[in-house]
file my_file.txt (compact mmCIF, C-alpha atoms)
# COMPACT_ATOMS: atom_id res chain seq x y z
CA MET J 11 76.14 16.68 -166.31
CA LEU J 12 78.70 14.37 -167.90
CA SER J 13 81.40 15.97 -169.99
CA GLU J 14 82.55 14.34 -173.22
CA PHE J 15 85.09 11.60 -172.48
CA ALA J 16 87.72 13.12 -174.74
CA ALA J 17 90.21 10.23 -175.00
CA GLU J 18 87.51 7.63 -175.62
CA GLN J 19 85.77 9.80 -178.22
CA TRP J 20 89.09 10.36 -180.00
CA MET J 21 89.77 6.62 -180.07
CA THR J 22 86.28 5.83 -181.32
CA ARG J 23 86.69 8.40 -184.08
CA TYR J 24 90.13 7.45 -185.35
CA GLU J 25 91.55 4.13 -184.15
CA ASN J 26 89.82 1.93 -186.74
CA LEU J 27 91.19 4.17 -189.51
CA ALA J 28 94.81 3.72 -188.41
CA SER J 29 97.33 1.44 -190.04
CA VAL J 30 99.55 1.42 -186.93
CA ASN J 31 97.97 1.87 -183.50
CA MET J 32 100.64 3.07 -181.07
CA THR J 33 98.37 4.24 -178.29
CA GLU J 34 96.44 1.08 -177.32
CA THR J 35 96.82 0.46 -173.60
CA SER J 36 96.07 -3.27 -173.51
CA CYS J 37 98.78 -5.82 -174.04
CA ASP J 38 98.57 -7.62 -177.40
CA ALA J 39 95.11 -9.17 -177.23
CA LEU J 40 94.77 -12.93 -176.91
CA ARG J 41 92.73 -14.87 -179.45
CA LEU J 42 89.88 -17.10 -178.40
CA GLU J 43 91.63 -20.23 -179.63
CA GLU J 44 94.64 -19.40 -177.44
CA ILE J 45 92.43 -19.42 -174.36
CA GLU J 46 90.74 -22.63 -175.47
CA ALA J 47 94.19 -24.22 -175.91
CA LEU J 48 95.05 -23.30 -172.33
CA GLU J 49 91.80 -24.80 -171.06
CA PRO J 50 90.52 -27.63 -173.31
CA GLY J 51 86.78 -28.19 -173.11
CA LEU J 52 86.29 -24.65 -171.86
CA PHE J 53 82.76 -24.32 -173.20
CA SER J 54 81.63 -27.89 -172.56
CA GLU J 55 78.04 -28.02 -171.27
CA LEU J 56 77.90 -24.24 -170.94
CA VAL J 57 74.29 -23.12 -170.53
CA LEU J 58 73.65 -19.60 -171.79
CA ASP J 59 71.27 -18.51 -169.06
CA TYR J 60 71.98 -15.52 -166.81
CA GLY J 61 74.50 -17.49 -164.78
CA PRO J 62 75.63 -16.54 -161.27
CA ILE J 63 74.69 -12.88 -161.07
CA THR J 64 77.60 -11.52 -159.02
CA GLY J 65 80.15 -13.93 -160.51
CA SER J 66 80.62 -17.68 -160.19
CA PRO J 67 82.35 -19.06 -157.07
CA GLN J 68 85.18 -20.37 -159.28
CA LEU J 69 85.76 -16.94 -160.82
CA LYS J 70 85.67 -15.17 -157.46
CA GLU J 71 88.25 -17.57 -156.06
CA GLU J 72 90.60 -16.84 -158.97
CA ILE J 73 90.14 -13.09 -158.52
CA LEU J 74 90.76 -13.40 -154.79
CA ALA J 75 94.00 -15.29 -155.42
CA MET J 76 95.53 -12.05 -156.76
CA TYR J 77 95.19 -10.41 -153.35
CA GLU J 78 96.55 -11.03 -149.86
CA THR J 79 93.35 -10.64 -147.85
CA GLY J 80 89.62 -11.19 -148.10
CA THR J 81 86.99 -13.80 -148.87
CA PRO J 82 84.60 -14.21 -151.82
CA ALA J 83 82.20 -11.92 -149.92
CA ASN J 84 84.67 -9.10 -150.63
CA ILE J 85 84.38 -9.56 -154.42
CA THR J 86 81.74 -8.69 -157.00
CA THR J 87 82.01 -8.64 -160.77
CA THR J 88 81.13 -5.82 -163.15
CA ALA J 89 81.09 -4.98 -166.85
CA GLY J 90 84.77 -4.06 -167.04
CA CYS J 91 86.88 -1.88 -164.77
CA VAL J 92 85.29 1.37 -165.93
CA ASN J 93 81.92 0.03 -164.77
CA ALA J 94 83.47 -1.08 -161.48
CA SER J 95 84.76 2.42 -160.73
CA GLN J 96 81.45 3.94 -161.81
CA HIS J 97 79.45 1.79 -159.41
CA VAL J 98 81.78 2.53 -156.52
CA MET J 99 81.52 6.27 -157.12
CA ASP J 100 77.75 6.03 -157.46
CA GLU J 101 77.62 4.37 -154.05
CA LEU J 102 80.15 6.53 -152.18
CA LEU J 103 79.58 10.01 -153.61
CA ALA J 104 76.86 12.60 -153.12
CA PRO J 105 76.66 16.35 -153.77
CA GLY J 106 79.33 18.21 -151.85
CA ARG J 107 81.55 15.22 -151.06
CA GLN J 108 85.25 16.08 -151.25
CA VAL J 109 87.21 14.10 -153.87
CA ILE J 110 90.91 14.31 -154.72
CA VAL J 111 92.39 12.90 -157.92
CA PHE J 112 95.79 13.19 -159.58
CA THR J 113 96.50 14.50 -163.06
CA PRO J 114 97.56 13.41 -165.66
CA GLY J 115 95.00 10.69 -165.19
CA TYR J 116 92.08 8.81 -166.64
CA GLN J 117 89.25 11.27 -167.27
CA GLN J 118 86.59 9.05 -165.70
CA PHE J 119 87.78 9.75 -162.18
CA ALA J 120 87.34 13.52 -162.15
CA GLY J 121 84.65 13.67 -164.83
CA TYR J 122 82.29 11.11 -163.37
CA ALA J 123 82.74 12.37 -159.80
CA ARG J 124 81.84 15.89 -160.97
CA SER J 125 78.71 14.55 -162.69
CA LEU J 126 77.58 13.40 -159.23
CA ASN J 127 78.10 16.98 -157.98
CA ALA J 128 81.04 16.06 -155.81
CA ARG J 129 83.71 18.70 -155.18
CA VAL J 130 86.75 17.50 -157.15
CA THR J 131 90.30 18.73 -156.67
CA GLU J 132 92.93 17.69 -159.21
CA LEU J 133 96.51 17.62 -157.92
CA ALA J 134 99.27 17.68 -160.52
CA LEU J 135 101.91 14.97 -160.70
CA ASP J 136 105.50 16.23 -160.96
CA PRO J 137 106.20 16.28 -164.75
CA LEU J 138 109.86 15.39 -164.14
CA THR J 139 108.96 12.10 -162.42
CA TRP J 140 105.15 11.79 -162.71
CA LYS J 141 105.08 11.24 -158.94
CA PRO J 142 102.56 12.88 -156.58
CA ASP J 143 103.53 15.47 -153.99
CA LEU J 144 102.25 13.82 -150.82
CA ASP J 145 102.83 16.98 -148.77
CA GLN J 146 100.45 18.73 -151.16
CA LEU J 147 97.94 15.90 -150.76
CA GLU J 148 98.14 16.14 -146.98
CA ASP J 149 97.76 19.93 -147.00
CA CYS J 150 94.84 19.79 -149.43
CA ALA J 151 92.99 17.17 -147.38
CA ALA J 152 93.57 19.16 -144.17
CA ARG J 153 92.37 22.38 -145.75
CA GLN J 154 89.21 21.21 -147.51
CA GLY J 155 88.49 17.75 -146.11
CA LEU J 156 88.60 14.42 -147.86
CA ASP J 157 85.84 11.87 -148.46
CA LEU J 158 87.27 9.92 -151.41
CA LEU J 159 90.79 9.72 -152.83
CA ILE J 160 90.93 8.18 -156.31
CA LEU J 161 94.15 6.54 -157.44
CA ASN J 162 95.20 4.73 -160.60
CA LEU J 163 98.20 2.48 -159.90
CA PRO J 164 99.94 1.92 -162.23
CA ASN J 165 98.80 5.20 -163.68
CA ASN J 166 97.26 5.70 -167.10
CA PRO J 167 98.91 7.42 -168.98
CA THR J 168 102.24 7.79 -167.13
CA GLY J 169 103.11 4.36 -165.70
CA THR J 170 103.42 5.96 -162.23
CA ILE J 171 103.46 3.74 -159.17
CA LEU J 172 104.06 4.46 -155.49
CA ASP J 173 106.60 2.62 -153.42
CA GLU J 174 105.33 0.93 -150.27
CA GLU J 175 106.42 3.78 -148.02
CA ALA J 176 104.53 6.33 -150.12
CA LEU J 177 101.48 4.10 -150.37
CA GLN J 178 101.49 3.69 -146.59
CA ARG J 179 101.58 7.45 -146.17
CA VAL J 180 98.63 7.81 -148.54
CA THR J 181 96.57 5.34 -146.52
CA ASP J 182 97.56 7.14 -143.30
CA ILE J 183 96.27 10.43 -144.73
CA ALA J 184 92.98 8.80 -145.76
CA ARG J 185 92.61 7.15 -142.34
CA ARG J 186 92.97 10.47 -140.51
CA HIS J 187 90.03 11.79 -142.50
CA ASP J 188 88.02 8.53 -142.36
CA ALA J 189 88.08 8.70 -146.17
CA TRP J 190 87.68 6.01 -148.77
CA ILE J 191 90.38 5.18 -151.30
CA LEU J 192 89.27 3.94 -154.71
CA CYS J 193 92.17 2.52 -156.70
CA ASP J 194 91.93 1.47 -160.33
CA GLU J 195 94.52 -1.34 -160.50
CA VAL J 196 93.74 -2.53 -164.02
CA TYR J 197 97.43 -2.35 -165.09
CA ARG J 198 98.65 -4.30 -162.06
CA GLY J 199 100.75 -7.30 -163.04
CA ILE J 200 103.05 -5.66 -165.60
CA GLY J 201 106.44 -4.55 -164.29
CA ARG J 202 106.86 -3.87 -160.60
CA VAL J 203 103.78 -5.10 -158.72
CA MET J 204 102.63 -2.96 -155.81
CA PRO J 205 100.49 -4.12 -152.90
CA SER J 206 96.79 -3.64 -153.49
CA VAL J 207 95.09 -0.77 -151.68
CA SER J 208 92.33 -3.17 -150.66
CA ASP J 209 94.90 -5.27 -148.77
CA LEU J 210 96.41 -2.30 -146.93
CA TYR J 211 93.47 -0.21 -145.79
CA GLU J 212 90.11 -1.02 -144.23
CA LYS J 213 88.34 1.50 -146.49
CA GLY J 214 90.43 0.66 -149.54
CA VAL J 215 88.55 -0.41 -152.68
CA SER J 216 90.37 -1.97 -155.63
CA CYS J 217 89.01 -2.34 -159.14
CA GLY J 218 90.46 -4.51 -161.87
CA SER J 219 89.68 -6.34 -165.08
CA LEU J 220 91.12 -8.55 -167.81
CA SER J 221 91.62 -5.69 -170.25
CA LYS J 222 95.19 -4.48 -169.80
CA SER J 223 97.80 -6.72 -168.17
CA LEU J 224 95.80 -9.86 -169.02
CA ALA J 225 95.29 -8.91 -172.69
CA CYS J 226 91.56 -9.68 -172.92
CA PRO J 227 89.65 -6.38 -173.25
CA GLY J 228 86.97 -8.20 -175.23
CA ILE J 229 85.94 -10.20 -172.17
CA ARG J 230 83.84 -7.54 -170.55
CA ILE J 231 84.35 -8.55 -166.95
CA GLY J 232 85.82 -6.42 -164.21
CA TRP J 233 85.59 -6.61 -160.46
CA VAL J 234 85.54 -4.72 -157.20
CA LYS J 235 87.33 -5.89 -154.06
CA GLY J 236 86.35 -4.04 -150.92
CA PRO J 237 84.62 -4.18 -147.53
CA GLU J 238 81.73 -6.62 -147.42
CA ALA J 239 79.13 -3.94 -146.64
CA LEU J 240 80.15 -1.98 -149.74
CA ILE J 241 80.06 -5.12 -151.89
CA ASP J 242 76.54 -5.86 -150.60
CA ALA J 243 75.46 -2.35 -151.58
CA LEU J 244 76.99 -2.72 -155.05
CA ASN J 245 75.18 -6.01 -155.53
CA ILE J 246 71.90 -4.20 -154.89
CA ARG J 247 72.86 -1.36 -157.24
CA ARG J 248 73.82 -3.72 -160.08
CA ASP J 249 70.22 -4.94 -160.37
CA TYR J 250 69.33 -1.50 -161.72
CA THR J 251 72.18 -1.33 -164.23
CA PHE J 252 73.65 -4.42 -165.90
CA ILE J 253 72.49 -7.36 -163.70
CA GLY J 254 75.33 -9.77 -164.54
CA ALA J 255 78.06 -10.45 -167.08
CA GLY J 256 76.61 -13.80 -168.17
CA PRO J 257 78.06 -17.32 -168.12
CA LEU J 258 80.09 -17.01 -171.35
CA ASN J 259 82.12 -14.05 -170.07
CA ASP J 260 82.32 -15.65 -166.63
CA ARG J 261 83.75 -18.91 -167.98
CA LEU J 262 86.25 -17.10 -170.21
CA ALA J 263 87.36 -14.84 -167.35
CA TRP J 264 87.84 -17.84 -165.06
CA ALA J 265 90.05 -19.56 -167.66
CA VAL J 266 92.19 -16.46 -168.20
CA LEU J 267 92.71 -15.96 -164.48
CA LYS J 268 93.41 -19.64 -163.91
CA HIS J 269 96.30 -19.35 -166.41
CA ARG J 270 97.28 -15.78 -165.50
CA ALA J 271 100.88 -16.68 -164.57
CA GLN J 272 101.57 -17.86 -168.12
CA ILE J 273 99.71 -14.93 -169.67
CA LEU J 274 101.53 -12.40 -167.49
CA ARG J 275 104.90 -13.90 -168.41
CA ARG J 276 104.04 -13.42 -172.08
CA ASN J 277 102.85 -9.85 -171.59
CA ASN J 278 105.73 -8.82 -169.33
CA ALA J 279 108.14 -10.11 -171.98
CA ILE J 280 106.44 -7.98 -174.65
CA VAL J 281 106.49 -4.83 -172.53
CA SER J 282 110.10 -5.38 -171.39
CA ARG J 283 111.26 -5.82 -174.98
CA ASN J 284 109.39 -2.72 -176.14
CA LEU J 285 110.77 -0.67 -173.25
CA ALA J 286 114.32 -1.62 -174.23
CA VAL J 287 113.58 -0.62 -177.85
CA LEU J 288 112.04 2.66 -176.69
CA LYS J 289 115.04 3.53 -174.53
CA ASP J 290 117.43 3.05 -177.47
CA TRP J 291 115.09 4.90 -179.81
CA LEU J 292 114.90 7.92 -177.47
CA ASP J 293 118.71 8.15 -177.49
CA GLY J 294 118.59 8.63 -181.24
CA ASN J 295 115.50 10.86 -181.37
CA PRO J 296 116.00 13.86 -179.08
CA PHE J 297 112.87 15.48 -180.51
CA PHE J 298 111.03 13.33 -177.94
CA SER J 299 111.56 12.62 -174.26
CA CYS J 300 109.92 10.21 -171.85
CA VAL J 301 109.89 9.30 -168.17
CA LEU J 302 110.18 5.53 -168.59
CA PRO J 303 107.43 3.84 -166.58
CA GLU J 304 108.08 1.46 -163.71
CA ALA J 305 104.95 -0.59 -164.31
CA GLY J 306 101.96 -0.99 -166.58
CA SER J 307 101.76 -0.90 -170.35
CA VAL J 308 101.62 2.84 -171.11
CA ALA J 309 103.95 5.84 -171.10
CA LEU J 310 103.86 9.50 -172.09
CA LEU J 311 106.06 10.78 -174.90
CA ARG J 312 106.81 14.46 -174.42
CA LEU J 313 106.96 16.74 -177.47
CA PRO J 314 109.19 19.85 -177.69
CA ASP J 315 107.84 23.01 -176.06
CA GLY J 316 105.27 24.75 -178.20
CA VAL J 317 104.21 21.69 -180.24
CA ASP J 318 100.44 21.20 -180.12
CA ASP J 319 99.86 17.54 -179.29
CA GLU J 320 96.37 17.35 -180.80
CA ALA J 321 97.38 18.92 -184.11
CA PHE J 322 100.55 16.79 -184.21
CA ALA J 323 98.58 13.57 -183.59
CA LEU J 324 95.95 14.43 -186.18
CA ARG J 325 98.54 15.19 -188.88
CA MET J 326 100.33 11.91 -188.13
CA MET J 327 97.07 10.05 -188.49
CA GLU J 328 96.25 11.72 -191.79
CA GLU J 329 99.74 11.50 -193.34
CA LYS J 330 101.16 8.26 -191.92
CA GLY J 331 98.17 6.32 -190.58
CA LEU J 332 99.96 6.43 -187.22
CA PHE J 333 97.58 6.67 -184.26
CA PHE J 334 98.21 8.30 -180.86
CA VAL J 335 95.92 9.86 -178.25
CA PRO J 336 96.99 13.43 -177.40
CA GLY J 337 98.11 13.81 -173.81
CA ARG J 338 95.91 16.88 -173.30
CA PHE J 339 92.96 14.51 -172.91
CA PHE J 340 94.58 13.25 -169.70
CA GLY J 341 95.65 16.67 -168.44
CA ALA J 342 99.14 16.55 -169.99
CA PRO J 343 99.21 18.84 -173.06
CA GLY J 344 102.32 18.55 -175.19
CA THR J 345 102.51 14.77 -174.86
CA LEU J 346 101.32 11.61 -176.62
CA ARG J 347 100.14 8.43 -174.93
CA LEU J 348 102.28 5.50 -176.05
CA GLY J 349 101.13 1.89 -175.66
CA LEU J 350 103.90 -0.52 -174.69
CA GLY J 351 101.99 -3.77 -175.15
CA ARG J 352 101.91 -3.80 -178.93
CA PRO J 353 103.49 -6.73 -180.81
CA PRO J 354 107.22 -5.89 -180.92
CA GLU J 355 107.42 -5.74 -184.71
CA GLN J 356 104.47 -3.32 -184.82
CA PHE J 357 105.97 -1.27 -181.98
CA LEU J 358 109.27 -0.85 -183.82
CA LYS J 359 107.47 -0.02 -187.07
CA GLY J 360 105.46 2.66 -185.29
CA LEU J 361 108.52 4.26 -183.72
CA THR J 362 110.26 4.28 -187.09
CA LEU J 363 107.28 6.03 -188.70
CA LEU J 364 107.10 8.46 -185.80
CA ALA J 365 110.77 9.42 -186.21
CA ARG J 366 110.29 9.96 -189.94
CA PHE J 367 107.23 12.10 -189.38
CA ALA J 368 108.98 14.24 -186.74
CA SER J 369 111.93 14.79 -189.07
CA GLY J 370 109.64 15.78 -191.95
CA SER J 371 110.58 12.81 -194.13

call {"tool": "encode", "arguments": {"input": "my_file.txt", "output": "structure tokens"}}
result
Amino acid sequence: MLSEFAAEQWMTRYENLASVNMTETSCDALRLEEIEALEPGLFSELVLDYGPITGSPQLKEEILAMYETGTPANITTTAGCVNASQHVMDELLAPGRQVIVFTPGYQQFAGYARSLNARVTELALDPLTWKPDLDQLEDCAARQGLDLLILNLPNNPTGTILDEEALQRVTDIARRHDAWILCDEVYRGIGRVMPSVSDLYEKGVSCGSLSKSLACPGIRIGWVKGPEALIDALNIRRDYTFIGAGPLNDRLAWAVLKHRAQILRRNNAIVSRNLAVLKDWLDGNPFFSCVLPEAGSVALLRLPDGVDDEAFALRMMEEKGLFFVPGRFFGAPGTLRLGLGRPPEQFLKGLTLLARFASGS
């Protein structure tokens, strides 16, 4: 049975009531006319039939260009990254399969795996660094077995990444157990860019989309990159679920990816500026602390010991119109998820309101 997706339900309930949204994970969303300006004639002669079901050849080539290995046969498209991860888990998991995830993390990974009756172990990231203990991972896999390791790199909500040495050790652990690695890489492209799991490991599966680093969550296209046999199986499974994303989304996604270098420059500049503002703001607001992220567009703000994050966030929403998702929904009580991709003027306004609220003014 599926549990309530707490963070998503909270956002659905409150985000449209907020005057300042400080928890959105996507970079400042692009407008349709901005994409059309990048690619004049984008919709010329577009026929609104079903379109290429698994993604057009042009789109697959642009997706593939973000990786070091593979062919179009290693790519299929989905309805966003969340749908990509869902389909992979549906294909790879069965009752009793051993799954390891890290927490804090995106609830889908543990929650959806449990709904498939897999055995899920959640390993805690070190709260001082938000890094995983790879000795603990190795011991856990040796003790109980490992069929699927689920990663989110960069991590939502911490901004955690692994250096290449650590990532190599993770793949070595998975290889010893003949296990799959599913890695949600939707924040890849902002800050330090790690190698993709799908380029490093023969049973590595990478999922991505346009939603976060590419600032187009409204284009509901994601993708899976993985071994050809898995992609073939997903393309059979999709016929029972969403069929295809349609030619309008496909054309828009192709244009965004074609111009991704320019879009990523814009978004990296926004996040870098906001990180610099956040660092200065933390120096003057010791009520809060934060492990500044190395990559991605999110971070966790830690509250003082004993402060209830859910009650704190709800009072802020009611009194200031200032919106955050409580960290407890990711397995990190006593924190707030902070979005770093907001327009800089909105980001500064939100931090100013947050400081006033914390001080009682």

call {"tool": "closest_residue", "arguments": {"input": "my_file.txt", "among": "J:Pro137, J:Pro205, J:Gly351, J:Pro257", "to": "Ser299 in chain J", "atoms": "only C-alpha atoms"}}
result
J:Pro137

call {"tool": "residues_around", "arguments": {"input": "my_file.txt", "residues": "Leu346 in chain J", "least_positions_apart": "6", "cutoff": "8 Å", "atoms": "all atoms listed in the file", "output": "PyMOL selection string"}}
result
chain J and resi 310-313+319+323+334-337

call {"tool": "residues_around", "arguments": {"input": "my_file.txt", "residues": "Gly341 in chain J", "least_positions_apart": "4", "cutoff": "9 Å", "atoms": "all atoms listed in the file", "output": "NGL selection string"}}
result
:J and (113-117 or 134 or 337)

call {"tool": "closest_residue", "arguments": {"input": "my_file.txt", "among": "J:Gln19, J:Arg270, J:Met99, J:Asp260", "to": "Ala128 in chain J", "atoms": "all atoms listed in the file"}}
result
J:Met99

call {"tool": "atom_distance", "arguments": {"input": "my_file.txt", "atom1": "CA of Glu212 in chain J", "atom2": "CA of His97 in chain J"}}
result
18.8 Å

call {"tool": "atom_distance", "arguments": {"input": "my_file.txt", "atom1": "CA of Glu304 in chain J", "atom2": "CA of Trp291 in chain J"}}
result
17.9 Å

call {"tool": "closest_atom_pairs", "arguments": {"input": "my_file.txt", "of": "range 169-235 of chain J", "to": "range 31-49 of chain J", "cutoff": "8 Å", "atoms": "all atoms listed in the file", "output": "CSV"}}
result
residue,atom,partner,partner_atom,distance
J:Ser221,CA,J:Ser36,CA,6.0
J:Lys222,CA,J:Ser36,CA,4.0
J:Ser223,CA,J:Cys37,CA,6.0
J:Leu224,CA,J:Cys37,CA,7.1
J:Ala225,CA,J:Ala39,CA,4.6
J:Cys226,CA,J:Ala39,CA,5.6
J:Pro227,CA,J:Ser36,CA,7.1

call {"tool": "closest_residue", "arguments": {"input": "my_file.txt", "among": "J:Glu329, J:Asp149, J:Glu355, J:Asp143", "to": "Leu172 in chain J", "atoms": "only C-alpha atoms"}}
result
J:Asp143

call {"tool": "closest_residue", "arguments": {"input": "my_file.txt", "among": "J:Val301, J:Arg230, J:Gly61, J:Gly106", "to": "Thr139 in chain J", "atoms": "all atoms listed in the file"}}
result
J:Val301

call {"tool": "atom_distance", "arguments": {"input": "my_file.txt", "atom1": "CA of Val98 in chain J", "atom2": "CA of Gly65 in chain J"}}
result
17.0 Å

call {"tool": "residues_near_point", "arguments": {"input": "my_file.txt", "point": "(115.9, 6.3, -180.3)", "cutoff": "12 Å", "atoms": "only C-alpha atoms", "output": "list in words"}}
result
Asn284, Leu285, Ala286, Val287, Leu288, Lys289, Asp290, Trp291, Leu292, Asp293, Gly294, Asn295, Pro296, Phe297, Phe298, Ser299, Cys300, Leu358, Leu361, Thr362, Leu364, Ala365 and Arg366 of chain J

call {"tool": "residues_around", "arguments": {"input": "my_file.txt", "residues": "Gly90 in chain J", "least_positions_apart": "4", "cutoff": "10 Å", "atoms": "all atoms listed in the file", "output": "list in words"}}
result
Ala94, Ser95, Val196, Cys217, Gly218, Ser219, Leu220, Ser221, Pro227, Gly228, Ile229, Arg230, Ile231, Gly232, Trp233, Val234 and Ala255 of chain J

call {"tool": "closest_residue", "arguments": {"input": "my_file.txt", "among": "J:Leu144, J:Leu103, J:Leu350, J:Ala309", "to": "Thr170 in chain J", "atoms": "all atoms listed in the file"}}
result
J:Ala309

call {"tool": "closest_residue", "arguments": {"input": "my_file.txt", "among": "J:Val109, J:Ala263, J:Ala123, J:Ile85", "to": "Met11 in chain J", "atoms": "all atoms listed in the file"}}
result
J:Ala123

call {"tool": "residues_around", "arguments": {"input": "my_file.txt", "residues": "Val207 in chain J", "least_positions_apart": "3", "cutoff": "9 Å", "atoms": "all atoms listed in the file", "output": "PyMOL selection string"}}
result
chain J and resi 177+181+191-193+195+204+210-216

call {"tool": "axis_aligned_box", "arguments": {"input": "my_file.txt", "around": "range 29-38 of chain J", "padding_each_side": "4 Å", "output": "AutoDock Vina command-line options"}}
result
--center_x 98.4 --center_y -1.7 --center_z -181.8 --size_x 12.6 --size_y 19.9 --size_z 24.5

call {"tool": "residues_around", "arguments": {"input": "my_file.txt", "residues": "range 242-246 of chain J", "least_positions_apart": "2", "cutoff": "8 Å", "atoms": "only C-alpha atoms", "output": "number ranges by chain"}}
result
J: 64, 86, 97-98, 101, 238-240, 248-250
